[in-house]
Amino acid sequence: VIAGYTAELSPDHTDTLTAKMNLATTLDSKIDAAEIQCLYEEVIEGYTHTLGVTHCDTLLAMSNLALFLKDLERLPEARVLYEQVIDGYEATMGPEHTETLAVKSSLAVVFKKSGETLEARVLFTEVVACYKTVLGSAHPDTQRAMGNLAVVLYDLGQRAKDDGNPHTAAGLFREAAGLWELQYGAEDADVLRCRTEAAELEQ
């Protein structure tokens, strides 16, 4: 299909690029990683040439490549791409558009996986606040972001506890508990664990 589109249309025609993108998403990343990356890069280059760097199709291809790299634990490369995609979405759709927020969430995950927990907290906090405004607290995207933020807060609480900062740790545990309680209720195991940790530190 790709060869036919390339011959009949052009390598940079949107139909050719769509076919390449579809192929990249169906290949097995454990077996065909190099081919997948090459396809995504060709798609990005083609869309940039024909549609522009901030077109939604270009940004989607960049986001797909970033996700692929994140899944391979190639976090610095994924981070650069996600930051570029966020810049593009903010310029074209605005900072509170759901597409922008979804990519910010993905970047926050990269921060967390990279050990940059404070940066993850800042970004997840921003995402949660925006999702609440745009979609409401009960929306699944908001709930998912709240859960991610709660995990980060819990990790920071454990770090503060290990560093001998019980007051800071207790506050972080209580903040995490509040987020999880909104999702799962007061009797959830994570909520109870956080509240127990906080209470023990405050004794």
# chains A, B, ... in the order shown; residues from 1 in each chain; ligands from 1
call {"tool": "residues_around", "arguments": {"residues": "segment 92-94 of chain A", "least_positions_apart": "4", "cutoff": "8 Å", "atoms": "only C-alpha atoms", "output": "list in words"}}
result
Thr54, Gly88 and Thr100 of chain A
call {"tool": "residues_around", "arguments": {"residues": "Glu200 of chain A", "least_positions_apart": "3", "cutoff": "12 Å", "atoms": "only C-alpha atoms", "output": "list in words"}}
result
Lys161, Pro166, His167, Ala169, Ala170, Gly171, Phe173, Arg174, Arg193, Cys194, Arg195, Thr196, Glu197 and Gln203 of chain A
call {"tool": "closest_residue", "arguments": {"among": "A:Leu135, A:Ala198, A:Met146, A:Met62", "to": "Val80 of chain A", "atoms": "only C-alpha atoms"}}
result
A:Met62
call {"tool": "closest_residue", "arguments": {"among": "A:Leu153, A:Ala189, A:Leu72, A:Ile44", "to": "Thr14 of chain A", "atoms": "only C-alpha atoms"}}
result
A:Ile44
call {"tool": "closest_residue", "arguments": {"among": "A:Ala150, A:Leu51, A:Val103, A:Val110", "to": "Asp71 of chain A", "atoms": "only C-alpha atoms"}}
result
A:Val110
call {"tool": "residues_around", "arguments": {"residues": "Leu149 of chain A", "least_positions_apart": "2", "cutoff": "9 Å", "atoms": "only C-alpha atoms", "output": "ChimeraX atom specification"}}
result
/A:120-121,123-125,128,144-147,151-154,176,179
call {"tool": "closest_residue", "arguments": {"among": "A:Glu202, A:Asp32, A:Glu45, A:Pro140", "to": "Thr168 of chain A", "atoms": "only C-alpha atoms"}}
result
A:Glu202
call {"tool": "closest_residue", "arguments": {"among": "A:Asp162, A:Glu73, A:Glu187, A:Asp12", "to": "Val109 of chain A", "atoms": "only C-alpha atoms"}}
result
A:Glu73
call {"tool": "select_by_dssp", "arguments": {"residues": "segment 59-201 of chain A", "states": "helix (DSSP H, G or I)", "output": "PyMOL selection string"}}
result
chain A and resi 59-71+75-92+98-113+117-134+140-162+166-184+189-201
call {"tool": "write_last_selection", "arguments": {"atoms": "C-alpha atoms", "output": "short mmCIF file (atom, residue, chain, number, x, y, z; two decimals), in the first residue's frame"}}
result
data_model
loop_
_atom_site.label_atom_id
_atom_site.label_comp_id
_atom_site.auth_asym_id
_atom_site.auth_seq_id
_atom_site.Cartn_x
_atom_site.Cartn_y
_atom_site.Cartn_z
CA LEU A 59 1.76 16.84 16.48
CA LEU A 60 -0.08 13.51 16.70
CA ALA A 61 2.77 11.76 14.89
CA MET A 62 5.29 13.37 17.25
CA SER A 63 3.20 12.32 20.24
CA ASN A 64 3.01 8.75 18.95
CA LEU A 65 6.80 8.64 18.55
CA ALA A 66 7.22 10.05 22.06
CA LEU A 67 4.93 7.34 23.46
CA PHE A 68 6.89 4.68 21.57
CA LEU A 69 10.17 6.00 23.01
CA LYS A 70 8.68 6.25 26.51
CA ASP A 71 7.59 2.62 26.36
CA LEU A 75 13.00 8.89 28.42
CA PRO A 76 15.23 11.86 27.47
CA GLU A 77 14.18 11.53 23.81
CA ALA A 78 10.53 11.15 24.75
CA ARG A 79 10.75 14.22 26.98
CA VAL A 80 12.08 16.44 24.18
CA LEU A 81 9.29 15.35 21.84
CA TYR A 82 6.55 15.76 24.43
CA GLU A 83 7.77 19.28 25.20
CA GLN A 84 7.65 20.15 21.50
CA VAL A 85 4.15 18.72 21.17
CA ILE A 86 2.96 20.69 24.21
CA ASP A 87 4.35 23.90 22.70
CA GLY A 88 2.49 23.14 19.47
CA TYR A 89 -0.81 22.32 21.13
CA GLU A 90 -0.62 25.36 23.41
CA ALA A 91 -0.02 27.59 20.38
CA THR A 92 -2.86 26.14 18.31
CA THR A 98 -7.78 18.28 26.50
CA GLU A 99 -5.17 17.32 23.86
CA THR A 100 -2.66 19.62 25.55
CA LEU A 101 -3.49 18.23 28.97
CA ALA A 102 -3.16 14.62 27.79
CA VAL A 103 0.36 15.26 26.53
CA LYS A 104 1.26 17.14 29.72
CA SER A 105 0.12 14.08 31.66
CA SER A 106 2.39 11.90 29.52
CA LEU A 107 5.31 14.26 30.13
CA ALA A 108 4.63 14.12 33.88
CA VAL A 109 4.86 10.33 33.68
CA VAL A 110 8.23 10.70 31.96
CA PHE A 111 9.36 12.99 34.79
CA LYS A 112 8.26 10.42 37.37
CA LYS A 113 9.95 7.52 35.55
CA THR A 117 9.35 13.54 41.19
CA LEU A 118 9.07 17.22 42.09
CA GLU A 119 8.68 18.16 38.42
CA ALA A 120 6.07 15.42 38.04
CA ARG A 121 4.17 16.82 41.02
CA VAL A 122 4.09 20.33 39.56
CA LEU A 123 2.86 19.15 36.17
CA PHE A 124 0.29 16.67 37.51
CA THR A 125 -1.04 19.37 39.85
CA GLU A 126 -1.51 21.69 36.89
CA VAL A 127 -3.17 18.97 34.83
CA VAL A 128 -5.59 18.03 37.63
CA ALA A 129 -6.61 21.65 38.15
CA CYS A 130 -7.22 22.17 34.42
CA TYR A 131 -9.13 18.92 33.99
CA LYS A 132 -11.38 19.85 36.93
CA THR A 133 -12.14 23.18 35.26
CA VAL A 134 -12.66 21.79 31.76
CA PRO A 140 -12.30 9.65 33.93
CA ASP A 141 -9.41 11.80 32.64
CA THR A 142 -9.57 13.95 35.78
CA GLN A 143 -9.77 10.88 37.98
CA ARG A 144 -6.78 9.29 36.24
CA ALA A 145 -4.71 12.44 36.67
CA MET A 146 -5.70 12.65 40.34
CA GLY A 147 -4.55 9.06 40.81
CA ASN A 148 -1.21 9.80 39.16
CA LEU A 149 -0.75 12.86 41.37
CA ALA A 150 -1.62 10.82 44.47
CA VAL A 151 1.09 8.27 43.61
CA VAL A 152 3.65 11.06 43.22
CA LEU A 153 2.61 12.65 46.52
CA TYR A 154 2.86 9.29 48.28
CA ASP A 155 6.37 8.75 46.86
CA LEU A 156 7.41 12.22 48.00
CA GLY A 157 5.92 11.48 51.42
CA GLN A 158 8.02 8.33 51.72
CA ARG A 159 11.11 10.30 50.68
CA ALA A 160 10.42 12.99 53.27
CA LYS A 161 9.83 10.32 55.90
CA ASP A 162 13.12 8.61 55.05
CA PRO A 166 7.86 13.84 59.52
CA HIS A 167 5.75 17.01 59.28
CA THR A 168 6.31 17.32 55.51
CA ALA A 169 5.75 13.60 55.03
CA ALA A 170 2.47 13.63 56.98
CA GLY A 171 1.15 16.51 54.90
CA LEU A 172 2.01 14.71 51.67
CA PHE A 173 0.36 11.49 52.87
CA ARG A 174 -2.81 13.38 53.81
CA GLU A 175 -2.87 15.13 50.43
CA ALA A 176 -2.50 11.79 48.65
CA ALA A 177 -5.23 10.28 50.83
CA GLY A 178 -7.60 13.11 49.92
CA LEU A 179 -7.14 12.50 46.21
CA TRP A 180 -7.59 8.74 46.49
CA GLU A 181 -10.64 9.20 48.69
CA LEU A 182 -12.30 11.28 45.98
CA GLN A 183 -11.74 8.39 43.59
CA TYR A 184 -12.37 5.30 45.68
CA ALA A 189 -6.82 0.54 51.22
CA ASP A 190 -4.56 3.30 49.84
CA VAL A 191 -6.56 5.96 51.68
CA LEU A 192 -6.35 4.08 54.96
CA ARG A 193 -2.63 3.39 54.52
CA CYS A 194 -1.89 7.07 53.90
CA ARG A 195 -3.96 8.25 56.83
CA THR A 196 -2.29 5.69 59.10
CA GLU A 197 1.16 6.81 57.97
CA ALA A 198 0.25 10.46 58.56
CA ALA A 199 -1.22 9.77 62.01
CA GLU A 200 1.86 7.84 63.12
CA LEU A 201 4.15 10.67 62.01
#
call {"tool": "closest_residue", "arguments": {"among": "A:Thr58, A:His97, A:Leu17, A:Val53", "to": "Leu39 of chain A", "atoms": "only C-alpha atoms"}}
result
A:Leu17
call {"tool": "atom_distance", "arguments": {"atom1": "atom CA of Asp57 of chain A", "atom2": "atom CA of Gly136 of chain A"}}
result
27.6 Å
call {"tool": "atom_distance", "arguments": {"atom1": "atom CA of Tyr40 of chain A", "atom2": "atom CA of Thr25 of chain A"}}
result
9.2 Å
